[in-house]
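Q: Pasting a structure here, questions to come.
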Amino acid sequence: MDSAELSAYVDTACKAQGLVLAPDQRARVIEHFTRIATMTEAVVEFPLGPEDEQAPVFRA
Amino acid sequence: MSPKFEATSAVEIAAALRVGATSAVAIAESTLASIARVDPQLNCFTAVTRERALSEAEAIDSRRAVGEPLPPLAGVPYAVKNLYDVEGLTTLAGSKINRDLPPAAHDATLVRRMHDAGAVLVGALNMDEYAYGFTTENAHYGVTRNPHDTTRIGGGSSGGSGVAVAARLVPLALGSDTNGSIRVPASLNGIWGLKPTYGRLSRRGSFPFVASFDHLGPFAATLADLAACYDVLQGQDAEDPACAQRPVEAVAPVMERGADGLRIARLGSHFDDYLSDAARAAVDRVCEALRVTRKVELPESARARAAAFLITASEGGALHLPNLRKRYEHFDPLTRDRLIAGAVIPAAWYVKAQRFRAWYRAQVLDVFQKVDVLMAAATPCPATPIGIEWLETGGQRLPLRPSLGLLTQPLSFIGLPVVVAPLPSEGGLPIGVQLVAAPWREDHCFRVANALAVSGVARAPMPAVHA
């Protein structure tokens, strides 16, 4: 997502969650969300296989 | 008759009581007087539990008077981060919002265990709001100041706990560590801290932050005190679903074996990339003392830190979403916008981070087939000035508040046990080194810590402001 898309996503997601943001608040939330998104790229792009299961599987 | 409390450790206090060299009430009164005198300079305490302290101390003295054997921490004063339930006190968790909650009906399990061990609760301690921070610059309860230099932070989120122990206001304190909140203040204040294996210590009666990362643990000014405290905190608890069904595995009796026979290595890459000169020098000193030349990589640790950051934001945001909708203005400005950003993280990102976590855990467990204890700095730098926004370290400019957990997050992400060993520096600020072991091997952390304590390399320096 580019910065306009990130801002649009935050606006839409906050509205859907019932969060009403004032303009200065919105700018700070977008700044924090952008930081998360930047860090997340490294996680999202990491290749994992179907065997990399997140559930706590009982093996014994 | 009473030894001046602040000159003695928890172990020494309990021993002095056993032989009648002092009384629990005298120690409690001395501690309460020290808090009244010194805490205004530091701002560790959000509540002082004077009546309870004197009542618990009187009970100990009564037991001794009739010849009952005393429990291991008899008469030892301690305090807890204000996210622990203390019967009769409202559990603030560093927030204004929680002031509206009723007082806790029961003690947290670990508070109850400290009581059963004879310890005397003297108060509740300041923290970052809802444990979401590393600096304890709390808008509602004020900044907690570093006793080595009161213009600097005491770290967080268990900042009150770290500072109270470093300043010798109490010999023991309890805190919590989700991403580094015991290890960061232990490092910045120059004291010992333990984040045990995830699931080792009960969290019942503590205010949550990120359930799958939350750990509770102790701080102390000596390693013997840390071990004594940890040993009384252990044990199963059916009321915490994450608490493991393991027996007590006491470390105090085994730590004197030292580091002999343990395979020790220094962590590289991510754990090397952001170090200030002081942090690098501290790890060098520890390696030299232990004759460690081996360096080990934890694969993808930078990504692990990113995934921990993401999961924290997401789970923390979800936890507080109802209040973010209704009471935004009552949150600390340093946490509320981060929590909202976390609350709207897409599910696909969160799921990927959790799947990565499982992968990373398997990789790191494999590393422990070849090594017993790993070492890394606990923080990229010593304590920074209050209020600063940016950190320049290792040739990089980073936002300070999240970056203080750079070196702790990849480890708590998968629940590994870590002891922080404090290293003084000549005329400077202390800094801590993490001693990291495989799950359930806290004994290995303590054995290496003991080798460092015995050699004199690791010790908690007395700060400028103290009891």
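We label chains A, B, ... in the order they appear in the structure tokens, count residues from 1 in each chain, and number ligands from 1 in the order shown.
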May I have the residues within 12 Å of A:Ser3 as a PyMOL selection string, using only C-alpha atoms and disregarding those fewer than 4 positions away in the same chain?

A: chain A and resi 7-10+27+30-31+33-35+37-38

Q: Could you pull out the residues in stretch 84-240 of chain B that DSSP calls helix (DSSP H, G or I) from the backbone, as a PyMOL selection string?

A: chain B and resi 97-100+109-116+129-131+159-166+183-189+223-233

Q: Output the contact residues of chain B with respect to chain A at a cut-off of 6 Å, based on only C-alpha atoms, as a ChimeraX atom specification.

A: /B:303,306,325,337-338,341,344,354-355,358-359

Q: Extract, using only C-alpha atoms, all DNA, RNA and protein residues at most 7 Å from stretch 238-252 of chain B, discarding same-chain residues fewer than 4 positions from it, and format them as a CSV table (one decimal) with C-alpha atoms, in the first residue's frame.

A:
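Written out: around.csv:
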```
chain,number,residue,atom,x,y,z
B,199,GLY,CA,3.9,-20.2,31.5
B,200,ARG,CA,6.3,-20.7,34.4
B,201,LEU,CA,4.8,-18.2,36.8
B,202,SER,CA,1.0,-17.7,37.3
B,203,ARG,CA,-0.4,-14.5,36.0
B,204,ARG,CA,-3.8,-14.8,37.8
B,227,ALA,CA,16.8,-16.5,43.1
B,228,ALA,CA,15.2,-16.6,46.5
B,231,ASP,CA,11.8,-19.9,44.0
B,234,GLN,CA,7.0,-20.9,41.3
B,443,ASP,CA,18.8,-22.8,36.1
B,446,PHE,CA,21.2,-18.4,37.0
```

Q: Near stretch 97-114 of chain B, within 7 Å and counting only C-alpha atoms, which residues show up once chain neighbours fewer than 6 positions away are dropped, as an NGL selection string?

A: :B and (84-91 or 202 or 204-206 or 232-233 or 330)
